[in-house]
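Enquirer: protein_30.cif is the file, holding mmCIF, C-alpha atoms:
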```cif
data_target
#
loop_
_atom_site.label_atom_id
_atom_site.label_comp_id
_atom_site.auth_asym_id
_atom_site.auth_seq_id
_atom_site.Cartn_x
_atom_site.Cartn_y
_atom_site.Cartn_z
CA MET A 18 0.00 0.00 0.00
CA ASN A 19 1.21 3.47 -0.87
CA LYS A 20 1.63 6.03 1.92
CA GLY A 21 -0.85 8.87 1.98
CA LEU A 22 0.05 12.25 0.53
CA LEU A 23 0.99 15.17 2.74
CA ILE A 24 -0.81 18.17 1.23
CA VAL A 25 0.51 21.48 2.54
CA LEU A 26 -1.80 24.42 1.90
CA SER A 27 -0.14 27.74 2.53
CA GLY A 28 0.00 31.28 1.25
CA PRO A 29 0.23 34.86 2.46
CA SER A 30 -1.65 36.17 5.45
CA GLY A 31 -5.20 37.15 4.49
CA VAL A 32 -5.41 35.04 1.32
CA GLY A 33 -8.15 32.83 2.76
CA LYS A 34 -6.29 29.61 3.67
CA GLY A 35 -8.64 28.87 6.56
CA THR A 36 -11.81 29.42 4.52
CA VAL A 37 -10.60 27.25 1.64
CA CYS A 38 -9.44 24.52 4.01
CA ALA A 39 -12.83 24.51 5.78
CA ALA A 40 -14.58 24.24 2.40
CA LEU A 41 -12.35 21.31 1.42
CA ARG A 42 -13.26 19.52 4.65
CA ARG A 43 -16.95 19.92 3.77
CA ARG A 44 -16.35 18.62 0.22
CA THR A 45 -14.49 15.42 1.07
CA THR A 46 -13.87 13.09 3.98
CA ASP A 47 -10.82 11.62 2.21
CA LEU A 48 -8.56 14.39 3.48
CA ILE A 49 -7.53 14.15 7.10
CA TYR A 50 -7.06 17.61 8.57
CA SER A 51 -4.01 18.17 10.71
CA VAL A 52 -5.03 20.45 13.56
CA SER A 53 -2.26 22.92 14.44
CA ALA A 54 -1.22 24.05 17.86
CA THR A 55 -0.99 27.81 18.51
CA THR A 56 -0.46 30.31 21.27
CA ARG A 57 -2.66 32.96 19.66
CA ALA A 58 -6.03 33.72 21.25
CA PRO A 59 -9.08 32.01 19.72
CA ARG A 60 -11.13 34.16 17.30
CA ALA A 61 -14.92 34.21 17.57
CA GLY A 62 -16.31 30.75 16.76
CA GLU A 63 -13.00 28.90 16.82
CA GLN A 64 -13.07 25.64 18.76
CA GLU A 65 -10.31 23.84 20.66
CA GLY A 66 -9.20 20.69 18.80
CA VAL A 67 -11.17 21.62 15.69
CA ASN A 68 -9.59 24.85 14.44
CA TYR A 69 -6.49 24.72 16.67
CA PHE A 70 -5.12 23.28 19.86
CA PHE A 71 -4.82 26.51 21.87
CA LYS A 72 -1.72 26.47 24.08
CA SER A 73 0.00 28.80 26.53
CA ARG A 74 3.55 29.82 25.64
CA GLU A 75 4.81 27.49 28.41
CA GLN A 76 2.87 24.52 27.07
CA PHE A 77 4.08 25.22 23.53
CA GLN A 78 7.72 25.50 24.57
CA ASP A 79 7.41 22.17 26.35
CA MET A 80 6.19 20.57 23.08
CA ILE A 81 9.22 22.04 21.28
CA ALA A 82 11.52 20.60 23.93
CA ARG A 83 9.90 17.15 23.57
CA ASP A 84 10.30 17.32 19.74
CA ALA A 85 6.56 16.75 19.52
CA LEU A 86 6.12 19.26 16.67
CA LEU A 87 6.76 18.60 13.00
CA GLU A 88 7.40 22.32 12.54
CA TYR A 89 6.79 25.47 14.46
CA ALA A 90 7.26 29.15 13.84
CA GLU A 91 6.77 32.42 15.63
CA TYR A 92 4.61 34.72 13.54
CA VAL A 93 3.36 38.19 14.43
CA GLY A 94 4.12 37.43 18.08
CA ASN A 95 2.52 33.99 18.35
CA TYR A 96 3.69 30.39 18.02
CA TYR A 97 2.10 28.06 15.47
CA GLY A 98 3.08 24.41 15.13
CA THR A 99 2.11 20.99 13.83
CA PRO A 100 1.91 18.01 16.19
CA ARG A 101 4.13 15.37 14.58
CA GLU A 102 2.76 11.98 15.63
CA PHE A 103 -0.74 12.33 14.19
CA VAL A 104 0.57 13.30 10.73
CA GLU A 105 3.08 10.47 10.49
CA LYS A 106 0.62 7.84 11.73
CA THR A 107 -2.12 8.93 9.29
CA LEU A 108 0.21 8.94 6.27
CA ALA A 109 1.46 5.46 7.20
CA GLU A 110 -2.18 4.27 7.13
CA GLY A 111 -2.36 5.35 3.46
CA LYS A 112 -4.56 8.38 4.15
CA ASP A 113 -3.92 11.86 2.79
CA VAL A 114 -3.29 14.59 5.35
CA ILE A 115 -3.82 18.30 4.72
CA LEU A 116 -1.86 20.89 6.68
CA GLU A 117 -3.03 24.49 6.55
CA ILE A 118 -0.12 26.59 7.74
CA GLU A 119 1.62 29.89 7.18
CA VAL A 120 4.49 30.20 4.74
CA GLN A 121 7.49 29.78 7.05
CA GLY A 122 6.04 26.69 8.70
CA ALA A 123 5.33 25.14 5.32
CA LEU A 124 8.95 25.55 4.28
CA LYS A 125 10.11 23.85 7.48
CA VAL A 126 7.79 20.94 6.73
CA LYS A 127 9.38 20.78 3.27
CA GLU A 128 12.79 20.17 4.87
CA LYS A 129 11.41 17.07 6.61
CA PHE A 130 8.94 15.98 3.89
CA PRO A 131 10.36 16.98 0.50
CA GLU A 132 7.90 14.48 -1.02
CA GLY A 133 4.95 16.54 0.29
CA VAL A 134 2.70 18.45 -2.10
CA PHE A 135 3.19 22.15 -1.49
CA ILE A 136 0.32 24.37 -2.64
CA PHE A 137 0.50 28.16 -2.47
CA LEU A 138 -2.85 29.94 -2.33
CA LEU A 139 -2.73 33.17 -4.34
CA PRO A 140 -5.02 36.20 -4.11
CA PRO A 141 -6.73 37.12 -7.41
CA SER A 142 -4.44 40.18 -7.33
CA MET A 143 -2.19 41.93 -4.85
CA ALA A 144 -4.76 44.74 -4.56
CA GLU A 145 -7.33 42.13 -3.53
CA LEU A 146 -4.93 40.71 -0.93
CA LYS A 147 -4.44 44.16 0.57
CA GLN A 148 -8.19 44.63 0.69
CA ARG A 149 -8.67 41.33 2.53
CA ILE A 150 -6.02 42.14 5.14
CA VAL A 151 -7.38 45.63 5.77
CA GLY A 152 -11.00 44.46 5.60
CA ARG A 153 -10.67 41.76 8.25
CA GLY A 154 -11.22 44.55 10.80
CA THR A 155 -10.03 42.62 13.83
CA GLU A 156 -6.65 44.28 14.25
CA SER A 157 -4.95 47.64 14.85
CA GLN A 158 -3.40 49.71 12.03
CA ASP A 159 0.09 48.76 13.20
CA LYS A 160 -0.73 45.08 12.96
CA ILE A 161 -2.33 45.60 9.53
CA ASP A 162 0.81 47.35 8.24
CA ARG A 163 2.97 44.55 9.60
CA ARG A 164 0.72 41.95 7.96
CA LEU A 165 0.90 43.72 4.59
CA SER A 166 4.66 43.87 4.70
CA VAL A 167 4.88 40.22 5.75
CA ALA A 168 2.44 39.26 2.96
CA VAL A 169 4.71 40.77 0.29
CA ASP A 170 7.70 38.87 1.68
CA GLU A 171 5.59 35.69 1.74
CA MET A 172 4.47 36.08 -1.86
CA ASN A 173 8.13 36.03 -2.86
CA LEU A 174 8.33 32.46 -1.52
CA LEU A 175 5.97 31.03 -4.16
CA SER A 176 9.02 29.71 -5.99
CA LYS A 177 9.62 27.16 -3.20
CA TYR A 178 6.20 25.57 -3.75
CA ASP A 179 4.96 23.00 -6.24
CA TYR A 180 1.63 24.55 -7.18
CA ALA A 181 -0.16 27.88 -7.09
CA VAL A 182 -3.95 28.07 -6.76
CA VAL A 183 -5.75 31.37 -7.26
CA ASN A 184 -8.42 31.89 -4.61
CA ASP A 185 -10.83 33.77 -6.89
CA GLU A 186 -13.86 31.74 -5.77
CA ILE A 187 -13.74 29.26 -2.91
CA ASP A 188 -15.41 26.45 -4.89
CA ARG A 189 -13.09 26.89 -7.84
CA ALA A 190 -10.04 26.99 -5.57
CA CYS A 191 -11.27 23.74 -3.96
CA ASP A 192 -11.80 22.16 -7.40
CA ARG A 193 -8.21 22.94 -8.32
CA ILE A 194 -6.79 21.62 -5.05
CA LEU A 195 -8.79 18.39 -5.38
CA ALA A 196 -7.53 18.07 -8.98
CA ILE A 197 -3.95 18.50 -7.76
CA ILE A 198 -4.48 15.74 -5.19
CA THR A 199 -5.96 13.42 -7.85
CA ALA A 200 -3.05 14.18 -10.18
CA GLU A 201 -0.50 13.51 -7.44
CA HIS A 202 -2.09 10.11 -6.88
CA CYS A 203 -1.49 9.44 -10.60
CA LYS A 204 2.26 10.19 -10.45
CA LYS A 205 4.00 7.26 -12.10
CA GLU A 206 6.21 6.66 -9.06
CA ARG A 207 3.15 5.39 -7.18
CA PHE A 208 2.62 2.61 -9.77
CA LEU A 209 6.11 1.39 -10.62
CA HIS A 210 6.63 -1.00 -7.74
CA GLU A 211 3.31 -2.83 -8.05
CA LEU A 212 3.58 -3.03 -11.83
CA LEU A 213 6.96 -4.77 -11.84
CA GLY A 214 5.42 -7.82 -10.16
CA GLU A 215 2.53 -8.01 -12.64
CA LEU A 216 4.85 -7.64 -15.63
CA LYS A 217 7.07 -10.44 -14.39
CA SER A 218 4.11 -12.80 -14.13
CA LEU A 219 2.83 -11.93 -17.64
CA THR A 220 6.27 -12.30 -19.21
CA THR A 221 6.55 -15.76 -17.66
CA ALA A 222 3.08 -16.73 -18.96
CA GLN A 223 3.94 -15.30 -22.40
CA ASN A 224 7.19 -17.22 -22.67
CA GLY A 225 5.32 -20.36 -21.64
CA ALA A 226 2.75 -19.79 -24.42
CA GLU A 227 5.48 -19.43 -27.04
CA ARG A 228 7.04 -22.78 -26.27
CA MET B 6 0.09 34.64 -21.95
CA ASN B 7 1.28 31.15 -21.09
CA LYS B 8 1.71 28.61 -23.86
CA GLY B 9 -0.76 25.75 -23.97
CA LEU B 10 0.13 22.38 -22.51
CA LEU B 11 1.09 19.47 -24.70
CA ILE B 12 -0.71 16.45 -23.21
CA VAL B 13 0.63 13.15 -24.51
CA LEU B 14 -1.68 10.20 -23.89
CA SER B 15 0.01 6.89 -24.50
CA GLY B 16 0.13 3.33 -23.23
CA PRO B 17 0.40 -0.24 -24.45
CA SER B 18 -1.45 -1.54 -27.47
CA GLY B 19 -5.00 -2.53 -26.54
CA VAL B 20 -5.26 -0.44 -23.36
CA GLY B 21 -8.00 1.78 -24.82
CA LYS B 22 -6.12 4.99 -25.70
CA GLY B 23 -8.45 5.74 -28.61
CA THR B 24 -11.64 5.17 -26.60
CA VAL B 25 -10.47 7.34 -23.72
CA CYS B 26 -9.29 10.08 -26.07
CA ALA B 27 -12.66 10.08 -27.87
CA ALA B 28 -14.45 10.34 -24.50
CA LEU B 29 -12.22 13.28 -23.51
CA ARG B 30 -13.13 15.05 -26.74
CA ARG B 31 -16.83 14.65 -25.90
CA ARG B 32 -16.25 15.95 -22.34
CA THR B 33 -14.39 19.17 -23.17
CA THR B 34 -13.76 21.50 -26.07
CA ASP B 35 -10.72 22.97 -24.26
CA LEU B 36 -8.46 20.19 -25.52
CA ILE B 37 -7.40 20.42 -29.14
CA TYR B 38 -6.90 16.98 -30.61
CA SER B 39 -3.83 16.42 -32.73
CA VAL B 40 -4.78 14.11 -35.59
CA SER B 41 -1.97 11.68 -36.45
CA ALA B 42 -0.88 10.55 -39.86
CA THR B 43 -0.61 6.81 -40.50
CA THR B 44 -0.03 4.30 -43.28
CA ARG B 45 -2.21 1.63 -41.68
CA ALA B 46 -5.56 0.82 -43.30
CA PRO B 47 -8.64 2.51 -41.82
CA ARG B 48 -10.68 0.34 -39.46
CA ALA B 49 -14.47 0.25 -39.77
CA GLY B 50 -15.91 3.67 -38.95
CA GLU B 51 -12.63 5.58 -38.96
CA GLN B 52 -12.71 8.85 -40.87
CA GLU B 53 -9.94 10.66 -42.74
CA GLY B 54 -8.88 13.82 -40.88
CA VAL B 55 -10.89 12.87 -37.78
CA ASN B 56 -9.28 9.66 -36.52
CA TYR B 57 -6.17 9.81 -38.71
CA PHE B 58 -4.78 11.28 -41.89
CA PHE B 59 -4.42 8.06 -43.90
CA LYS B 60 -1.29 8.13 -46.10
CA SER B 61 0.48 5.81 -48.51
CA ARG B 62 4.04 4.84 -47.59
CA GLU B 63 5.29 7.15 -50.36
CA GLN B 64 3.32 10.11 -49.02
CA PHE B 65 4.50 9.43 -45.47
CA GLN B 66 8.15 9.18 -46.47
CA ASP B 67 7.81 12.49 -48.26
CA MET B 68 6.53 14.08 -45.01
CA ILE B 69 9.55 12.66 -43.18
CA ALA B 70 11.88 14.12 -45.81
CA ARG B 71 10.21 17.54 -45.47
CA ASP B 72 10.57 17.38 -41.64
CA ALA B 73 6.81 17.91 -41.46
CA LEU B 74 6.40 15.41 -38.61
CA LEU B 75 6.98 16.05 -34.92
CA GLU B 76 7.65 12.36 -34.47
CA TYR B 77 7.07 9.21 -36.39
CA ALA B 78 7.57 5.54 -35.77
CA GLU B 79 7.12 2.27 -37.56
CA TYR B 80 4.97 -0.03 -35.49
CA VAL B 81 3.76 -3.52 -36.39
CA GLY B 82 4.58 -2.77 -40.03
CA ASN B 83 2.94 0.67 -40.31
CA TYR B 84 4.09 4.26 -39.97
CA TYR B 85 2.45 6.59 -37.44
CA GLY B 86 3.38 10.25 -37.07
CA THR B 87 2.36 13.66 -35.78
CA PRO B 88 2.15 16.63 -38.17
CA ARG B 89 4.34 19.29 -36.54
CA GLU B 90 2.96 22.66 -37.57
CA PHE B 91 -0.55 22.29 -36.16
CA VAL B 92 0.74 21.32 -32.71
CA GLU B 93 3.24 24.17 -32.43
CA LYS B 94 0.78 26.78 -33.69
CA THR B 95 -1.98 25.68 -31.28
CA LEU B 96 0.33 25.68 -28.23
CA ALA B 97 1.56 29.18 -29.14
CA GLU B 98 -2.08 30.35 -29.10
CA GLY B 99 -2.29 29.25 -25.44
CA LYS B 100 -4.46 26.23 -26.15
CA ASP B 101 -3.83 22.74 -24.79
CA VAL B 102 -3.16 20.02 -27.34
CA ILE B 103 -3.69 16.31 -26.74
CA LEU B 104 -1.69 13.72 -28.67
CA GLU B 105 -2.85 10.13 -28.56
CA ILE B 106 0.08 8.02 -29.72
CA GLU B 107 1.82 4.74 -29.15
CA VAL B 108 4.66 4.43 -26.69
CA GLN B 109 7.69 4.86 -28.96
CA GLY B 110 6.25 7.95 -30.62
CA ALA B 111 5.50 9.50 -27.24
CA LEU B 112 9.12 9.10 -26.16
CA LYS B 113 10.29 10.80 -29.36
CA VAL B 114 7.96 13.72 -28.63
CA LYS B 115 9.50 13.87 -25.16
CA GLU B 116 12.92 14.48 -26.73
CA LYS B 117 11.55 17.58 -28.49
CA PHE B 118 9.05 18.66 -25.79
CA PRO B 119 10.45 17.66 -22.39
CA GLU B 120 7.96 20.16 -20.91
CA GLY B 121 5.03 18.09 -22.22
CA VAL B 122 2.77 16.18 -19.84
CA PHE B 123 3.27 12.48 -20.45
CA ILE B 124 0.39 10.26 -19.34
CA PHE B 125 0.60 6.47 -19.51
CA LEU B 126 -2.75 4.67 -19.67
CA LEU B 127 -2.64 1.44 -17.68
CA PRO B 128 -4.92 -1.59 -17.92
CA PRO B 129 -6.66 -2.53 -14.64
CA SER B 130 -4.38 -5.59 -14.71
CA MET B 131 -2.10 -7.31 -17.19
CA ALA B 132 -4.65 -10.14 -17.51
CA GLU B 133 -7.22 -7.53 -18.56
CA LEU B 134 -4.79 -6.08 -21.14
CA LYS B 135 -4.29 -9.55 -22.65
CA GLN B 136 -8.06 -10.02 -22.83
CA ARG B 137 -8.50 -6.69 -24.64
CA ILE B 138 -5.83 -7.49 -27.24
CA VAL B 139 -7.19 -10.97 -27.90
CA GLY B 140 -10.83 -9.81 -27.77
CA ARG B 141 -10.46 -7.10 -30.42
CA GLY B 142 -10.98 -9.87 -33.00
CA THR B 143 -9.75 -7.94 -36.03
CA GLU B 144 -6.36 -9.58 -36.39
CA SER B 145 -4.66 -12.94 -36.98
CA GLN B 146 -3.15 -15.02 -34.15
CA ASP B 147 0.35 -14.06 -35.29
CA LYS B 148 -0.46 -10.38 -35.02
CA ILE B 149 -2.11 -10.90 -31.62
CA ASP B 150 1.01 -12.68 -30.31
CA ARG B 151 3.20 -9.87 -31.62
CA ARG B 152 0.94 -7.29 -30.00
CA LEU B 153 1.08 -9.06 -26.62
CA SER B 154 4.84 -9.21 -26.70
CA VAL B 155 5.07 -5.56 -27.73
CA ALA B 156 2.61 -4.61 -24.94
CA VAL B 157 4.85 -6.14 -22.27
CA ASP B 158 7.84 -4.21 -23.62
CA GLU B 159 5.76 -1.05 -23.69
CA MET B 160 4.60 -1.44 -20.09
CA ASN B 161 8.25 -1.39 -19.06
CA LEU B 162 8.46 2.19 -20.39
CA LEU B 163 6.07 3.62 -17.77
CA SER B 164 9.10 4.94 -15.90
CA LYS B 165 9.71 7.48 -18.69
CA TYR B 166 6.29 9.07 -18.18
CA ASP B 167 5.00 11.63 -15.69
CA TYR B 168 1.67 10.08 -14.78
CA ALA B 169 -0.10 6.73 -14.89
CA VAL B 170 -3.88 6.54 -15.26
CA VAL B 171 -5.67 3.23 -14.77
CA ASN B 172 -8.33 2.70 -17.45
CA ASP B 173 -10.76 0.83 -15.19
CA GLU B 174 -13.78 2.85 -16.34
CA ILE B 175 -13.65 5.32 -19.19
CA ASP B 176 -15.33 8.12 -17.22
CA ARG B 177 -13.02 7.69 -14.24
CA ALA B 178 -9.96 7.62 -16.50
CA CYS B 179 -11.19 10.85 -18.11
CA ASP B 180 -11.75 12.43 -14.67
CA ARG B 181 -8.16 11.65 -13.73
CA ILE B 182 -6.73 12.97 -16.99
CA LEU B 183 -8.73 16.21 -16.66
CA ALA B 184 -7.50 16.53 -13.05
CA ILE B 185 -3.91 16.11 -14.24
CA ILE B 186 -4.42 18.87 -16.82
CA THR B 187 -5.94 21.18 -14.17
CA ALA B 188 -3.05 20.43 -11.82
CA GLU B 189 -0.48 21.09 -14.53
CA HIS B 190 -2.07 24.50 -15.12
CA CYS B 191 -1.49 25.17 -11.39
CA LYS B 192 2.26 24.43 -11.51
CA LYS B 193 3.97 27.35 -9.84
CA GLU B 194 6.20 27.96 -12.86
CA ARG B 195 3.16 29.23 -14.77
CA PHE B 196 2.61 32.02 -12.20
CA LEU B 197 6.08 33.23 -11.31
CA HIS B 198 6.63 35.62 -14.19
CA GLU B 199 3.30 37.43 -13.93
CA LEU B 200 3.55 37.65 -10.15
CA LEU B 201 6.94 39.37 -10.13
CA GLY B 202 5.41 42.40 -11.84
CA GLU B 203 2.52 42.61 -9.37
CA LEU B 204 4.81 42.25 -6.37
CA LYS B 205 7.07 45.01 -7.61
CA SER B 206 4.12 47.40 -7.90
CA LEU B 207 2.82 46.55 -4.42
CA THR B 208 6.26 46.89 -2.83
CA THR B 209 6.57 50.36 -4.39
CA ALA B 210 3.13 51.36 -3.08
CA GLN B 211 3.99 49.93 0.34
CA ASN B 212 7.26 51.85 0.60
CA GLY B 213 5.39 55.01 -0.41
CA ALA B 214 2.85 54.48 2.38
CA GLU B 215 5.61 54.08 4.98
CA ARG B 216 7.28 57.39 4.16
#
```
Before anything else, please render the file you have as structure tokens.

Expert:
Amino acid sequence: MNKGLLIVLSGPSGVGKGTVCAALRRRTTDLIYSVSATTRAPRAGEQEGVNYFFKSREQFQDMIARDALLEYAEYVGNYYGTPREFVEKTLAEGKDVILEIEVQGALKVKEKFPEGVFIFLLPPSMAELKQRIVGRGTESQDKIDRRLSVAVDEMNLLSKYDYAVVNDEIDRACDRILAIITAEHCKKERFLHELLGELKSLTTAQNGAER
Amino acid sequence: MNKGLLIVLSGPSGVGKGTVCAALRRRTTDLIYSVSATTRAPRAGEQEGVNYFFKSREQFQDMIARDALLEYAEYVGNYYGTPREFVEKTLAEGKDVILEIEVQGALKVKEKFPEGVFIFLLPPSMAELKQRIVGRGTESQDKIDRRLSVAVDEMNLLSKYDYAVVNDEIDRACDRILAIITAEHCKKERFLHELLGELKSLTTAQNGAER
């Protein structure tokens, strides 16, 4: 049995990673969502263990010390990280895992899982991205300015990813991500091993028939 | 504007390349079908200029001499080839082209278009492939034996391709091929150039705002 695929969905702050990831979870049960740990405060409606595992800084630092995180990063003053064991166990069971994380964390995952599928969510335009960051309305002007500046730096990291998906409409973005996952399951590497056995048996049968 | 994608659909004799390609053409008008030239006799129902351009050996050899073919190969006693100009012109217009060709021809195309998307159509099993070749019922036992032997050799060439698609059901095979094409349009390389310009303009605006 082939291992599952590690799908890493990332992109600049404000591009809509969380919304697209939530829509994907509604569309399919074949993608196992990796819940991140974070020290940031929950936003309205966010639930412990569903959107994030919410941790104190002390708890998070203890997880780092125990090497219990696949990656972690400090971002705009908060820690974000990915509990390691769940991801590795699920992939070994042949199930696909999706990680929704910010850009720096994704690149750390790439160091440990170069075979992962790295998808960069793009805004329809940079003007649209700016609008989304400003329009969120949950943060001070200082924080907004910092987020904009960070977003430009993050966009420059597209080159490290495998795919780019424009988040023009959520459903269309989901269609493209699901197509990427289907395509990745069709990569020839996933067939070579199994096929060698079948070919050997046919060649033997064929030679027998010729005698 | 990005160039179109060259999609090369290949696979062993008898796997159902023609049937799948015909189904794809019914499913979408976004794929431009490259009609091959061949010296083999038309089968029942095949139309000139739709399924193939049927040529005499003399006509075909003249096309070779004029370098009017993107690739050609002799296969079970007949020539098959791909007229070059139509493919190159269509790709330059930003449209995707699909080539349905046998395995050796596909690998020659790969020499000239390494950026093409090479899809290998697989039978559900080798036993099923044998059944399809025998069951076609249009050829002598000698030809069937030759086809079986060639098919085994062809299967060994999967490693040269990008993707493998199992032809278990025609609709599912088409779904996977269309997903591969969508995914290939999402490859980050297709976004990098355009994005650099947008980033530059936002960075300028951002620096202006900070002053």

Enquirer: Given a cut-off of 10 Å, which residues of chain B touch chain A, counting only C-alpha atoms, written out as a PyMOL selection string?

Expert: chain B and resi 123-125+127+130-132+135+150+153-154+157-158+160-161+163-171+180-197+200-201+203-208+211-212+214-215

Enquirer: Within 12 Å of (-8.9, 31.3, 17.4), in the coordinates the file gives, what residues turn up when you count all atoms listed in the file, written out as a ChimeraX atom specification?

Expert: /A:35,53-72,95,97,155

Enquirer: Using all atoms listed in the file, what residues lie at most 12 Å away from (-2.0, 27.7, -26.6) (file coordinates), given as a PDB file with C-alpha atoms, in the frame of the given file?

Expert:
```pdb
ATOM      1  CA  MET B   6       0.090  34.640 -21.950  1.00  0.00           C
ATOM      2  CA  ASN B   7       1.280  31.150 -21.090  1.00  0.00           C
ATOM      3  CA  LYS B   8       1.710  28.610 -23.860  1.00  0.00           C
ATOM      4  CA  GLY B   9      -0.760  25.750 -23.970  1.00  0.00           C
ATOM      5  CA  LEU B  10       0.130  22.380 -22.510  1.00  0.00           C
ATOM      6  CA  LEU B  11       1.090  19.470 -24.700  1.00  0.00           C
ATOM      7  CA  ILE B  12      -0.710  16.450 -23.210  1.00  0.00           C
ATOM      8  CA  ASP B  35     -10.720  22.970 -24.260  1.00  0.00           C
ATOM      9  CA  LEU B  36      -8.460  20.190 -25.520  1.00  0.00           C
ATOM     10  CA  ILE B  37      -7.400  20.420 -29.140  1.00  0.00           C
ATOM     11  CA  PHE B  91      -0.550  22.290 -36.160  1.00  0.00           C
ATOM     12  CA  VAL B  92       0.740  21.320 -32.710  1.00  0.00           C
ATOM     13  CA  GLU B  93       3.240  24.170 -32.430  1.00  0.00           C
ATOM     14  CA  LYS B  94       0.780  26.780 -33.690  1.00  0.00           C
ATOM     15  CA  THR B  95      -1.980  25.680 -31.280  1.00  0.00           C
ATOM     16  CA  LEU B  96       0.330  25.680 -28.230  1.00  0.00           C
ATOM     17  CA  ALA B  97       1.560  29.180 -29.140  1.00  0.00           C
ATOM     18  CA  GLU B  98      -2.080  30.350 -29.100  1.00  0.00           C
ATOM     19  CA  GLY B  99      -2.290  29.250 -25.440  1.00  0.00           C
ATOM     20  CA  LYS B 100      -4.460  26.230 -26.150  1.00  0.00           C
ATOM     21  CA  ASP B 101      -3.830  22.740 -24.790  1.00  0.00           C
ATOM     22  CA  VAL B 102      -3.160  20.020 -27.340  1.00  0.00           C
ATOM     23  CA  ILE B 103      -3.690  16.310 -26.740  1.00  0.00           C
ATOM     24  CA  HIS B 190      -2.070  24.500 -15.120  1.00  0.00           C
TER      25      HIS B 190
END
```

Enquirer: Counting all atoms listed in the file, what is within 8 Å of Glu107 in chain B, bar same-chain residues fewer than 5 positions away, as number ranges by chain?

Expert: B: 15-18

Enquirer: Give me the result of the PyMOL selection byres ((chain B and resi 136) around 12) on this file, residue by residue, as number ranges by chain.

Expert: B: 18-21, 128-135, 137-142, 149, 152-153

Enquirer: Please measure the separation of CA of Lys113 in chain B and CA of Glu76 in chain B, giving the value in Å to one decimal.

Expert: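 A separation of 6.0 Å between them.
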
Enquirer: Selected by the PyMOL selection byres ((chain A and resi 89) around 7) in the shown coordinates: which residues, as a ChimeraX atom specification?

Expert: /A:86,88,90,96-99,122

Enquirer: For range 187-192 of chain A, what centre and edge lengths in Å (one decimal) does the axis-aligned box get once 6 Å is added on each side of all its listed atoms, as AutoDock Vina command-line options?

Expert:
```
--center_x -12.7 --center_y 25.7 --center_z -5.4 --size_x 17.4 --size_y 19.1 --size_z 16.9
```

Enquirer: Any idea what the distance is between CA of Glu105 in chain B and CA of Leu14 in chain B?

Expert: 4.8 Å
